[in-house]
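A.B. asks: One file is attached below, model06.cif, containing mmCIF, C-alpha atoms and all ligand atoms.
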```cif
data_entry
#
loop_
_atom_site.group_PDB
_atom_site.id
_atom_site.type_symbol
_atom_site.label_atom_id
_atom_site.label_comp_id
_atom_site.auth_asym_id
_atom_site.auth_seq_id
_atom_site.Cartn_x
_atom_site.Cartn_y
_atom_site.Cartn_z
ATOM 1 C CA MET A 280 90.178 -70.291 41.691
ATOM 2 C CA ALA A 281 89.585 -67.702 38.943
ATOM 3 C CA ARG A 282 86.183 -66.201 38.275
ATOM 4 C CA ASN A 283 84.133 -67.728 35.472
ATOM 5 C CA SER A 284 84.169 -64.987 32.861
ATOM 6 C CA THR A 285 81.063 -63.742 31.075
ATOM 7 C CA ASN A 286 80.860 -61.833 27.837
ATOM 8 C CA TRP A 287 78.935 -58.798 29.091
ATOM 9 C CA ASN A 288 79.335 -57.042 25.715
ATOM 10 C CA ARG A 289 77.007 -59.598 24.143
ATOM 11 C CA TRP A 290 74.452 -59.010 26.871
ATOM 12 C CA PHE A 291 74.733 -55.267 26.329
ATOM 13 C CA ALA A 292 74.060 -55.683 22.591
ATOM 14 C CA PHE A 293 71.114 -57.960 23.410
ATOM 15 C CA PHE A 294 69.477 -55.461 25.793
ATOM 16 C CA ASP A 295 70.241 -52.573 23.470
ATOM 17 C CA GLU A 296 68.420 -54.263 20.595
ATOM 18 C CA ARG A 297 65.365 -54.988 22.728
ATOM 19 C CA ALA A 298 65.243 -51.397 23.993
ATOM 20 C CA LYS A 299 64.135 -50.379 20.464
ATOM 21 C CA ARG A 300 60.721 -52.026 20.878
ATOM 22 C CA PRO A 301 57.933 -49.427 20.783
ATOM 23 C CA MET A 302 55.396 -49.279 23.608
ATOM 24 C CA PRO A 303 51.966 -50.557 22.557
ATOM 25 C CA ARG A 304 48.900 -48.348 22.917
ATOM 26 C CA LEU A 305 46.298 -48.765 25.637
ATOM 27 C CA ASP A 306 43.669 -51.287 24.493
ATOM 28 C CA THR A 307 40.235 -49.680 24.717
ATOM 29 C CA THR A 308 38.359 -52.126 22.477
ATOM 30 C CA THR A 309 38.486 -55.430 24.403
ATOM 31 C CA ASP A 310 35.872 -56.095 27.080
ATOM 32 C CA TYR A 311 37.642 -57.348 30.202
ATOM 33 C CA SER A 312 34.566 -57.330 32.446
ATOM 34 C CA ALA A 313 34.612 -61.161 32.775
ATOM 35 C CA VAL A 314 38.139 -61.077 34.260
ATOM 36 C CA PRO A 315 38.037 -61.260 38.109
ATOM 37 C CA ALA A 316 38.580 -57.863 39.770
ATOM 38 C CA SER A 317 41.270 -59.310 42.053
ATOM 39 C CA LEU A 318 43.625 -59.570 39.041
ATOM 40 C CA ALA A 319 43.849 -55.759 38.754
ATOM 41 C CA ARG A 320 45.035 -55.484 42.378
ATOM 42 C CA SER A 321 47.479 -58.352 41.897
ATOM 43 C CA LEU A 322 49.008 -56.792 38.778
ATOM 44 C CA ALA A 323 49.178 -53.431 40.584
ATOM 45 C CA VAL A 324 51.367 -55.077 43.269
ATOM 46 C CA PHE A 325 53.664 -56.490 40.586
ATOM 47 C CA GLN A 326 53.656 -53.085 38.867
ATOM 48 C CA LEU A 327 55.169 -51.586 42.050
ATOM 49 C CA GLY A 328 57.791 -54.325 42.195
ATOM 50 C CA GLU A 329 58.838 -53.670 38.574
ATOM 51 C CA SER A 330 59.285 -49.933 39.195
ATOM 52 C CA GLY A 331 62.418 -49.795 41.396
ATOM 53 C CA GLY A 332 65.897 -51.237 41.147
ATOM 54 C CA GLY A 333 68.226 -48.302 40.340
ATOM 55 C CA THR A 334 70.672 -48.740 43.261
ATOM 56 C CA VAL A 335 71.972 -52.057 41.954
ATOM 57 C CA VAL A 336 73.506 -50.247 38.957
ATOM 58 C CA ALA A 337 75.590 -47.896 41.141
ATOM 59 C CA GLN A 338 76.610 -50.810 43.337
ATOM 60 C CA ALA A 339 77.774 -52.830 40.309
ATOM 61 C CA ARG A 340 79.817 -49.894 38.987
ATOM 62 C CA GLN A 341 81.864 -49.894 42.230
ATOM 63 C CA SER A 342 82.050 -53.667 42.530
ATOM 64 C CA ARG A 343 85.285 -55.582 42.991
ATOM 65 C CA HIS A 344 83.483 -58.850 42.256
ATOM 66 C CA VAL A 345 83.087 -58.327 38.497
ATOM 67 C CA ASP A 346 85.825 -58.454 35.857
ATOM 68 C CA GLU A 347 84.400 -55.569 33.828
ATOM 69 C CA PRO A 348 82.241 -53.579 36.265
ATOM 70 C CA ALA A 349 81.548 -50.702 33.846
ATOM 71 C CA ILE A 350 80.106 -52.972 31.125
ATOM 72 C CA TYR A 351 78.218 -55.121 33.621
ATOM 73 C CA ALA A 352 76.727 -51.962 35.203
ATOM 74 C CA ASP A 353 75.683 -50.752 31.723
ATOM 75 C CA CYS A 354 73.938 -54.107 31.154
ATOM 76 C CA LEU A 355 72.198 -53.773 34.533
ATOM 77 C CA GLU A 356 71.080 -50.276 33.561
ATOM 78 C CA ARG A 357 69.432 -51.699 30.423
ATOM 79 C CA PHE A 358 67.916 -54.499 32.512
ATOM 80 C CA VAL A 359 66.400 -51.959 34.951
ATOM 81 C CA ALA A 360 65.008 -49.994 31.969
ATOM 82 C CA GLU A 361 63.370 -53.192 30.705
ATOM 83 C CA GLU A 362 61.794 -53.752 34.136
ATOM 84 C CA HIS A 363 60.464 -50.182 33.997
ATOM 85 C CA ARG A 364 58.946 -51.008 30.616
ATOM 86 C CA HIS A 365 57.187 -53.910 32.351
ATOM 87 C CA ALA A 366 55.943 -51.473 34.993
ATOM 88 C CA ASP A 367 54.481 -49.277 32.208
ATOM 89 C CA LEU A 368 52.864 -52.282 30.499
ATOM 90 C CA LEU A 369 51.407 -53.508 33.797
ATOM 91 C CA ALA A 370 50.100 -50.016 34.593
ATOM 92 C CA MET A 371 48.159 -50.166 31.303
ATOM 93 C CA CYS A 372 46.925 -53.686 32.180
ATOM 94 C CA VAL A 373 45.638 -52.405 35.543
ATOM 95 C CA ARG A 374 43.848 -49.509 33.822
ATOM 96 C CA MET A 375 42.317 -51.814 31.211
ATOM 97 C CA LEU A 376 40.950 -53.983 34.034
ATOM 98 C CA GLY A 377 39.436 -50.921 35.733
ATOM 99 C CA GLY A 378 41.788 -51.087 38.743
ATOM 100 C CA ASP A 379 43.939 -48.491 40.518
ATOM 101 C CA LEU A 380 47.707 -48.325 40.782
ATOM 102 C CA LEU A 381 49.183 -48.738 44.254
ATOM 103 C CA ARG A 382 51.653 -46.414 45.971
ATOM 104 C CA ARG A 383 52.789 -49.012 48.487
ATOM 105 C CA ASN A 384 52.265 -52.642 49.340
ATOM 106 C CA TRP A 385 53.782 -54.863 52.059
ATOM 107 C CA THR A 386 55.316 -57.485 49.743
ATOM 108 C CA ALA A 387 56.763 -54.913 47.327
ATOM 109 C CA GLY A 388 57.981 -52.883 50.354
ATOM 110 C CA LEU A 389 59.599 -55.974 51.882
ATOM 111 C CA PHE A 390 61.333 -56.708 48.591
ATOM 112 C CA VAL A 391 62.716 -53.141 48.283
ATOM 113 C CA PHE A 392 63.683 -52.908 51.983
ATOM 114 C CA GLY A 393 65.502 -56.255 51.861
ATOM 115 C CA ARG A 394 67.364 -55.339 48.673
ATOM 116 C CA ARG A 395 68.617 -52.042 50.149
ATOM 117 C CA LEU A 396 70.390 -53.906 52.945
ATOM 118 C CA MET A 397 72.198 -56.271 50.631
ATOM 119 C CA GLY A 398 75.485 -56.466 48.845
ATOM 120 C CA LEU A 399 75.564 -56.903 45.071
ATOM 121 C CA ARG A 400 75.664 -60.702 45.036
ATOM 122 C CA LEU A 401 72.755 -61.220 47.412
ATOM 123 C CA LYS A 402 70.829 -58.504 45.601
ATOM 124 C CA VAL A 403 71.251 -60.286 42.261
ATOM 125 C CA LEU A 404 70.166 -63.543 43.925
ATOM 126 C CA VAL A 405 66.969 -61.821 45.105
ATOM 127 C CA LEU A 406 66.445 -60.364 41.618
ATOM 128 C CA LEU A 407 66.825 -63.903 40.239
ATOM 129 C CA ALA A 408 64.130 -65.120 42.667
ATOM 130 C CA ALA A 409 61.864 -62.289 41.445
ATOM 131 C CA GLU A 410 62.365 -63.492 37.851
ATOM 132 C CA VAL A 411 61.309 -67.030 38.819
ATOM 133 C CA VAL A 412 58.219 -65.673 40.596
ATOM 134 C CA GLY A 413 57.382 -63.405 37.631
ATOM 135 C CA ILE A 414 57.822 -66.096 34.953
ATOM 136 C CA CYS A 415 55.634 -68.542 36.813
ATOM 137 C CA TYR A 416 52.911 -66.109 37.864
ATOM 138 C CA TYR A 417 52.546 -64.134 34.610
ATOM 139 C CA MET A 418 52.634 -67.397 32.633
ATOM 140 C CA ALA A 419 49.864 -68.947 34.756
ATOM 141 C CA ILE A 420 47.701 -65.810 34.464
ATOM 142 C CA ALA A 421 48.219 -65.477 30.693
ATOM 143 C CA ALA A 422 47.108 -69.104 30.222
ATOM 144 C CA LYS A 423 43.759 -68.280 31.876
ATOM 145 C CA LEU A 424 43.002 -65.193 29.770
ATOM 146 C CA PRO A 425 41.210 -65.093 26.416
ATOM 147 C CA PRO A 426 43.308 -63.950 23.414
ATOM 148 C CA SER A 427 43.739 -60.197 24.001
ATOM 149 C CA PRO A 428 46.429 -57.505 24.275
ATOM 150 C CA LEU A 429 46.469 -58.172 28.039
ATOM 151 C CA ARG A 430 47.413 -61.806 27.474
ATOM 152 C CA GLN A 431 49.889 -60.878 24.733
ATOM 153 C CA TRP A 432 51.697 -58.332 26.938
ATOM 154 C CA LEU A 433 51.943 -60.734 29.877
ATOM 155 C CA SER A 434 53.427 -63.369 27.547
ATOM 156 C CA GLN A 435 55.916 -60.815 26.249
ATOM 157 C CA ILE A 436 56.921 -59.994 29.843
ATOM 158 C CA VAL A 437 57.432 -63.746 30.482
ATOM 159 C CA ASP A 438 59.838 -63.899 27.512
ATOM 160 C CA ASP A 439 61.773 -60.916 28.883
ATOM 161 C CA GLU A 440 61.920 -62.438 32.375
ATOM 162 C CA ARG A 441 63.356 -65.661 30.947
ATOM 163 C CA ALA A 442 66.233 -63.658 29.505
ATOM 164 C CA HIS A 443 66.638 -61.793 32.811
ATOM 165 C CA LEU A 444 66.808 -65.120 34.614
ATOM 166 C CA GLU A 445 69.632 -66.156 32.319
ATOM 167 C CA PHE A 446 71.372 -62.791 32.744
ATOM 168 C CA HIS A 447 71.360 -62.952 36.565
ATOM 169 C CA SER A 448 72.361 -66.634 36.461
ATOM 170 C CA ALA A 449 75.391 -65.691 34.342
ATOM 171 C CA PHE A 450 76.503 -63.175 36.983
ATOM 172 C CA LEU A 451 76.005 -65.580 39.889
ATOM 173 C CA ARG A 452 77.740 -68.378 37.952
ATOM 174 C CA SER A 453 80.750 -66.076 37.554
ATOM 175 C CA GLN A 454 80.868 -65.721 41.356
ATOM 176 C CA ILE A 455 80.950 -69.452 42.132
ATOM 177 C CA THR A 456 84.668 -69.941 42.405
ATOM 178 C CA SER A 457 84.848 -72.731 45.004
ATOM 179 C CA PRO A 458 82.785 -75.718 46.238
ATOM 180 C CA TRP A 459 81.809 -73.918 49.472
ATOM 181 C CA ARG A 460 80.499 -70.913 47.550
ATOM 182 C CA ARG A 461 78.450 -73.318 45.470
ATOM 183 C CA ARG A 462 77.000 -74.960 48.606
ATOM 184 C CA LEU A 463 76.303 -71.550 50.158
ATOM 185 C CA PHE A 464 74.483 -70.400 47.018
ATOM 186 C CA VAL A 465 72.278 -73.513 46.968
ATOM 187 C CA VAL A 466 71.284 -73.108 50.650
ATOM 188 C CA VAL A 467 70.546 -69.359 50.397
ATOM 189 C CA TRP A 468 68.799 -69.763 47.032
ATOM 190 C CA ARG A 469 66.413 -72.452 48.291
ATOM 191 C CA LEU A 470 65.611 -70.421 51.403
ATOM 192 C CA VAL A 471 64.947 -67.211 49.454
ATOM 193 C CA MET A 472 62.877 -69.046 46.824
ATOM 194 C CA THR A 473 60.727 -70.790 49.428
ATOM 195 C CA ALA A 474 60.174 -67.537 51.364
ATOM 196 C CA ALA A 475 59.303 -65.656 48.140
ATOM 197 C CA GLY A 476 56.865 -68.407 47.131
ATOM 198 C CA VAL A 477 55.070 -68.327 50.494
ATOM 199 C CA VAL A 478 54.815 -64.502 50.517
ATOM 200 C CA VAL A 479 53.395 -64.345 46.977
ATOM 201 C CA MET A 480 50.968 -67.212 47.667
ATOM 202 C CA LEU A 481 49.654 -65.298 50.689
ATOM 203 C CA ASP A 482 49.473 -61.846 49.151
ATOM 204 C CA HIS A 483 47.895 -63.029 45.871
ATOM 205 C CA ARG A 484 45.635 -65.758 47.279
ATOM 206 C CA ARG A 485 42.443 -64.104 45.993
ATOM 207 C CA THR A 486 43.665 -63.917 42.399
ATOM 208 C CA ILE A 487 45.004 -67.469 42.608
ATOM 209 C CA ARG A 488 41.550 -68.611 43.780
ATOM 210 C CA ASP A 489 39.458 -66.417 41.427
ATOM 211 C CA LEU A 490 41.424 -67.394 38.313
ATOM 212 C CA GLY A 491 41.595 -71.058 39.369
ATOM 213 C CA LEU A 492 45.392 -71.102 39.066
ATOM 214 C CA GLY A 493 45.689 -74.023 41.514
ATOM 215 C CA ARG A 494 47.967 -73.452 44.505
ATOM 216 C CA LEU A 495 49.739 -76.810 44.310
ATOM 217 C CA LEU A 496 50.267 -76.606 40.560
ATOM 218 C CA LEU A 497 51.614 -73.074 40.906
ATOM 219 C CA TRP A 498 53.969 -74.130 43.702
ATOM 220 C CA ASP A 499 55.260 -77.100 41.668
ATOM 221 C CA ARG A 500 55.900 -74.862 38.679
ATOM 222 C CA TRP A 501 57.676 -72.366 40.901
ATOM 223 C CA MET A 502 59.982 -75.014 42.249
ATOM 224 C CA ALA A 503 60.596 -76.470 38.759
ATOM 225 C CA ILE A 504 61.699 -73.089 37.417
ATOM 226 C CA ALA A 505 63.719 -72.391 40.601
ATOM 227 C CA ASP A 506 65.451 -75.725 40.078
ATOM 228 C CA LEU A 507 66.337 -74.796 36.490
ATOM 229 C CA ALA A 508 67.736 -71.464 37.667
ATOM 230 C CA GLU A 509 69.809 -73.245 40.320
ATOM 231 C CA LYS A 510 71.223 -75.593 37.668
ATOM 232 C CA LEU A 511 72.123 -72.648 35.435
ATOM 233 C CA VAL A 512 74.019 -70.997 38.291
ATOM 234 C CA VAL A 513 75.911 -74.072 39.467
ATOM 235 C CA GLY A 514 76.670 -75.021 35.868
ATOM 236 C CA THR A 515 74.730 -78.273 35.500
ATOM 237 C CA ALA A 516 72.419 -76.770 32.815
ATOM 238 C CA SER A 517 73.684 -74.859 29.805
ATOM 239 C CA PRO A 518 72.650 -71.280 29.102
ATOM 240 C CA ARG A 519 70.673 -70.968 25.899
ATOM 241 C CA VAL A 520 68.730 -67.761 26.169
ATOM 242 C CA GLY A 521 69.564 -64.063 26.083
ATOM 243 C CA PRO A 522 72.079 -63.449 23.366
ATOM 244 C CA GLU A 523 71.301 -66.962 22.073
ATOM 245 C CA ALA A 524 67.744 -68.244 21.652
ATOM 246 C CA ASN A 525 64.802 -67.740 23.967
ATOM 247 C CA SER A 526 62.750 -70.646 22.682
ATOM 248 C CA ALA A 527 65.078 -73.534 23.601
ATOM 249 C CA TRP A 528 65.135 -72.467 27.222
ATOM 250 C CA GLY A 529 61.387 -71.935 27.103
ATOM 251 C CA ARG A 530 60.970 -75.562 26.041
ATOM 252 C CA ASP A 531 63.207 -76.634 28.943
ATOM 253 C CA VAL A 532 60.961 -74.732 31.342
ATOM 254 C CA ASP A 533 57.846 -76.214 29.808
ATOM 255 C CA SER A 534 59.138 -79.789 30.088
ATOM 256 C CA ALA A 535 60.374 -79.219 33.665
ATOM 257 C CA VAL A 536 56.960 -77.813 34.580
ATOM 258 C CA ALA A 537 55.162 -80.717 32.877
ATOM 259 C CA GLY A 538 57.384 -83.220 34.702
ATOM 260 C CA HIS A 539 56.537 -81.819 38.133
HETATM 261 FE FE FE B 601 59.821 -57.627 34.980
HETATM 262 FE FE FE B 602 62.846 -59.316 35.141
#
```
Would you mind writing the file's structure down as structure tokens?
Ligand SMILES: [Fe+2]
Ligand SMILES: [Fe+2]
C.D. replies:
Amino acid sequence: MARNSTNWNRWFAFFDERAKRPMPRLDTTTDYSAVPASLARSLAVFQLGESGGGTVVAQARQSRHVDEPAIYADCLERFVAEEHRHADLLAMCVRMLGGDLLRRNWTAGLFVFGRRLMGLRLKVLVLLAAEVVGICYYMAIAAKLPPSPLRQWLSQIVDDERAHLEFHSAFLRSQITSPWRRRLFVVVWRLVMTAAGVVVMLDHRRTIRDLGLGRLLLWDRWMAIADLAEKLVVGTASPRVGPEANSAWGRDVDSAVAGH
């Protein structure tokens, strides 16, 4: 069966346009003293996770699994740059909350170590799981914050992660060329998503408690977004974000979350 083709040129144009966004300035006017201190540590862990990711680009450039490896690798390069922008934004968030950046952390280390061992397809699957975790977690935190640059930046990161989720889904969809590959994806995806959920729940339990995010609600949202991602990959939901419109997919997420 032939690969499902993807128009990577459109994704390249999409990322290229977004790369023009200027970085905001550090917010020194808002008082964040009422925000629990555990949030600074939690965002510092995510800041580490958003900082890496360069090896996937080189791997994609050599890949035999993609129709146009050079263009796909260029898209991945832009994607990695966008994740680094998130790392810069989160570093400012940590500073604004009076916290310190981390040099290492066990969950971020596990994520990087695991990714180094993997081939391109499994690596993209893990990146997709990270998008689901990020969307759900940043969204839940933003909803608990008062209107502020901190809340605005986290919401902007959520919008970016939604597009990333669509981008990685497009790649994985292009790799599902037979029913057994589809079954394999579903099994591995559910395992990785469950493991990622458990690890994040454990490592960020203090923030989840201090902000009153609700463990069960968070888990349900996680699984709802993971389910949407799975449907995008296996082709039972239609892609509507990225080069198209972010908002339609956002509404899909919101209704899936509300229905859980
Ligand atoms: Fe990110
Ligand atoms: Fe992302």
A.B. asks: Once you count all atoms listed in the file, which residues end up within 12 Å of ligand FE 602 (chain B), and could you hand them over as a PDB file with C-alpha atoms, in the frame of the given file?
C.D. replies:
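The resulting pocket38.pdb:
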```pdb
ATOM      1  CA  PHE A 325      53.664 -56.490  40.586  1.00  0.00           C
ATOM      2  CA  GLN A 326      53.656 -53.085  38.867  1.00  0.00           C
ATOM      3  CA  GLY A 328      57.791 -54.325  42.195  1.00  0.00           C
ATOM      4  CA  GLU A 329      58.838 -53.670  38.574  1.00  0.00           C
ATOM      5  CA  SER A 330      59.285 -49.933  39.195  1.00  0.00           C
ATOM      6  CA  GLY A 331      62.418 -49.795  41.396  1.00  0.00           C
ATOM      7  CA  GLY A 332      65.897 -51.237  41.147  1.00  0.00           C
ATOM      8  CA  LEU A 355      72.198 -53.773  34.533  1.00  0.00           C
ATOM      9  CA  ARG A 357      69.432 -51.699  30.423  1.00  0.00           C
ATOM     10  CA  PHE A 358      67.916 -54.499  32.512  1.00  0.00           C
ATOM     11  CA  VAL A 359      66.400 -51.959  34.951  1.00  0.00           C
ATOM     12  CA  ALA A 360      65.008 -49.994  31.969  1.00  0.00           C
ATOM     13  CA  GLU A 361      63.370 -53.192  30.705  1.00  0.00           C
ATOM     14  CA  GLU A 362      61.794 -53.752  34.136  1.00  0.00           C
ATOM     15  CA  HIS A 363      60.464 -50.182  33.997  1.00  0.00           C
ATOM     16  CA  ARG A 364      58.946 -51.008  30.616  1.00  0.00           C
ATOM     17  CA  HIS A 365      57.187 -53.910  32.351  1.00  0.00           C
ATOM     18  CA  ALA A 366      55.943 -51.473  34.993  1.00  0.00           C
ATOM     19  CA  VAL A 403      71.251 -60.286  42.261  1.00  0.00           C
ATOM     20  CA  VAL A 405      66.969 -61.821  45.105  1.00  0.00           C
ATOM     21  CA  LEU A 406      66.445 -60.364  41.618  1.00  0.00           C
ATOM     22  CA  LEU A 407      66.825 -63.903  40.239  1.00  0.00           C
ATOM     23  CA  ALA A 408      64.130 -65.120  42.667  1.00  0.00           C
ATOM     24  CA  ALA A 409      61.864 -62.289  41.445  1.00  0.00           C
ATOM     25  CA  GLU A 410      62.365 -63.492  37.851  1.00  0.00           C
ATOM     26  CA  VAL A 411      61.309 -67.030  38.819  1.00  0.00           C
ATOM     27  CA  VAL A 412      58.219 -65.673  40.596  1.00  0.00           C
ATOM     28  CA  GLY A 413      57.382 -63.405  37.631  1.00  0.00           C
ATOM     29  CA  ILE A 414      57.822 -66.096  34.953  1.00  0.00           C
ATOM     30  CA  CYS A 415      55.634 -68.542  36.813  1.00  0.00           C
ATOM     31  CA  TYR A 417      52.546 -64.134  34.610  1.00  0.00           C
ATOM     32  CA  GLN A 435      55.916 -60.815  26.249  1.00  0.00           C
ATOM     33  CA  ILE A 436      56.921 -59.994  29.843  1.00  0.00           C
ATOM     34  CA  VAL A 437      57.432 -63.746  30.482  1.00  0.00           C
ATOM     35  CA  ASP A 438      59.838 -63.899  27.512  1.00  0.00           C
ATOM     36  CA  ASP A 439      61.773 -60.916  28.883  1.00  0.00           C
ATOM     37  CA  GLU A 440      61.920 -62.438  32.375  1.00  0.00           C
ATOM     38  CA  ARG A 441      63.356 -65.661  30.947  1.00  0.00           C
ATOM     39  CA  ALA A 442      66.233 -63.658  29.505  1.00  0.00           C
ATOM     40  CA  HIS A 443      66.638 -61.793  32.811  1.00  0.00           C
ATOM     41  CA  LEU A 444      66.808 -65.120  34.614  1.00  0.00           C
ATOM     42  CA  GLU A 445      69.632 -66.156  32.319  1.00  0.00           C
ATOM     43  CA  PHE A 446      71.372 -62.791  32.744  1.00  0.00           C
ATOM     44  CA  HIS A 447      71.360 -62.952  36.565  1.00  0.00           C
TER      45      HIS A 447
END
```
A.B. asks: Centre and edge lengths of an axis-aligned box around all listed atoms of segment 333-346 of chain A, with 5 Å added on each side, are to be given in Å to one decimal, as AutoDock Vina command-line options.
C.D. replies:
```
--center_x 77.0 --center_y -53.4 --center_z 39.6 --size_x 27.6 --size_y 21.0 --size_z 17.5
```
A.B. asks: With all atoms listed in the file counted, which protein, DNA or RNA residues have an atom no more than 12 Å from (46.3, -63.7, 49.5) in the file frame? Please answer as a PDB file with C-alpha atoms, in the frame of the given file.
C.D. replies:
```
ATOM      1  CA  SER A 317      41.270 -59.310  42.053  1.00  0.00           C
ATOM      2  CA  LEU A 318      43.625 -59.570  39.041  1.00  0.00           C
ATOM      3  CA  ARG A 320      45.035 -55.484  42.378  1.00  0.00           C
ATOM      4  CA  SER A 321      47.479 -58.352  41.897  1.00  0.00           C
ATOM      5  CA  VAL A 324      51.367 -55.077  43.269  1.00  0.00           C
ATOM      6  CA  TRP A 385      53.782 -54.863  52.059  1.00  0.00           C
ATOM      7  CA  THR A 386      55.316 -57.485  49.743  1.00  0.00           C
ATOM      8  CA  GLY A 476      56.865 -68.407  47.131  1.00  0.00           C
ATOM      9  CA  VAL A 477      55.070 -68.327  50.494  1.00  0.00           C
ATOM     10  CA  VAL A 478      54.815 -64.502  50.517  1.00  0.00           C
ATOM     11  CA  VAL A 479      53.395 -64.345  46.977  1.00  0.00           C
ATOM     12  CA  MET A 480      50.968 -67.212  47.667  1.00  0.00           C
ATOM     13  CA  LEU A 481      49.654 -65.298  50.689  1.00  0.00           C
ATOM     14  CA  ASP A 482      49.473 -61.846  49.151  1.00  0.00           C
ATOM     15  CA  HIS A 483      47.895 -63.029  45.871  1.00  0.00           C
ATOM     16  CA  ARG A 484      45.635 -65.758  47.279  1.00  0.00           C
ATOM     17  CA  ARG A 485      42.443 -64.104  45.993  1.00  0.00           C
ATOM     18  CA  THR A 486      43.665 -63.917  42.399  1.00  0.00           C
ATOM     19  CA  ILE A 487      45.004 -67.469  42.608  1.00  0.00           C
ATOM     20  CA  ARG A 488      41.550 -68.611  43.780  1.00  0.00           C
ATOM     21  CA  ASP A 489      39.458 -66.417  41.427  1.00  0.00           C
ATOM     22  CA  ARG A 494      47.967 -73.452  44.505  1.00  0.00           C
TER      23      ARG A 494
END
```
A.B. asks: Between A:Trp432, A:Trp468, A:Trp459, A:Trp498, single out the one closest to ligand FE 601 (chain B), counting only C-alpha atoms and all ligand atoms.
C.D. replies: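 With only C-alpha atoms and all ligand atoms as the atom set, the closest residue is A:Trp432.
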A.B. asks: Would you write out, as a ChimeraX atom specification, every residue that the PyMOL selection byres (((chain A and resi 429) around 10) and not hetatm) captures in this file?
C.D. replies: /A:305-306,309,311,368-369,371-373,375-376,421,424-428,430-435
A.B. asks: Choose the residue, out of A:Leu511, A:Ala313, A:Leu327, A:Ala505, that has the smallest atom-to-atom separation from ligand FE 601 (chain B); count only C-alpha atoms and all ligand atoms.
C.D. replies: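 For ligand FE 601 (chain B), the nearest of the candidates is A:Leu327.
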A.B. asks: Give the answer as one residue: which of A:Leu463, A:Ala475, A:Val513, A:Ala422 has the shortest atom-to-atom distance to Gly491 of chain A, using only C-alpha atoms?
C.D. replies: A:Ala422
A.B. asks: Show which residues sit within 12 Å of Ala292 of chain A, as a list in words. Count only C-alpha atoms, and ignore same-chain residues fewer than 4 positions away.
C.D. replies: Asn286, Trp287, Asn288, Glu296, Arg297, Ala298, Lys299, Ile350, Tyr351, Asp353, Cys354, Arg357, Phe358, Gly521, Pro522 and Glu523 of chain A
A.B. asks: Let me make sure I understand: among A:Ser448, A:Ser312, A:Thr285, A:Thr334, which one has the smallest atom-to-atom distance to Thr515 of chain A if we use only C-alpha atoms?
C.D. replies: A:Ser448
A.B. asks: At what distance in Å, to one decimal, does atom CA of Phe293 of chain A lie from atom CA of Val467 of chain A?
C.D. replies: 29.3 Å
A.B. asks: I need the residue nearest ligand FE 601 (chain B) from this list: A:Asp367, A:Gly493, A:Val314, A:Asp295. Use all atoms listed in the file for the distance.
C.D. replies: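 Smallest separation from ligand FE 601 (chain B) among the options: A:Asp367.
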A.B. asks: Using all atoms listed in the file, which residue out of A:Leu492, A:Ala352, A:Val345, A:Met472 lies closest to Asp506 of chain A?
C.D. replies: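 Comparing A:Leu492, A:Ala352, A:Val345, A:Met472 against Asp506 of chain A, the winner is A:Met472.
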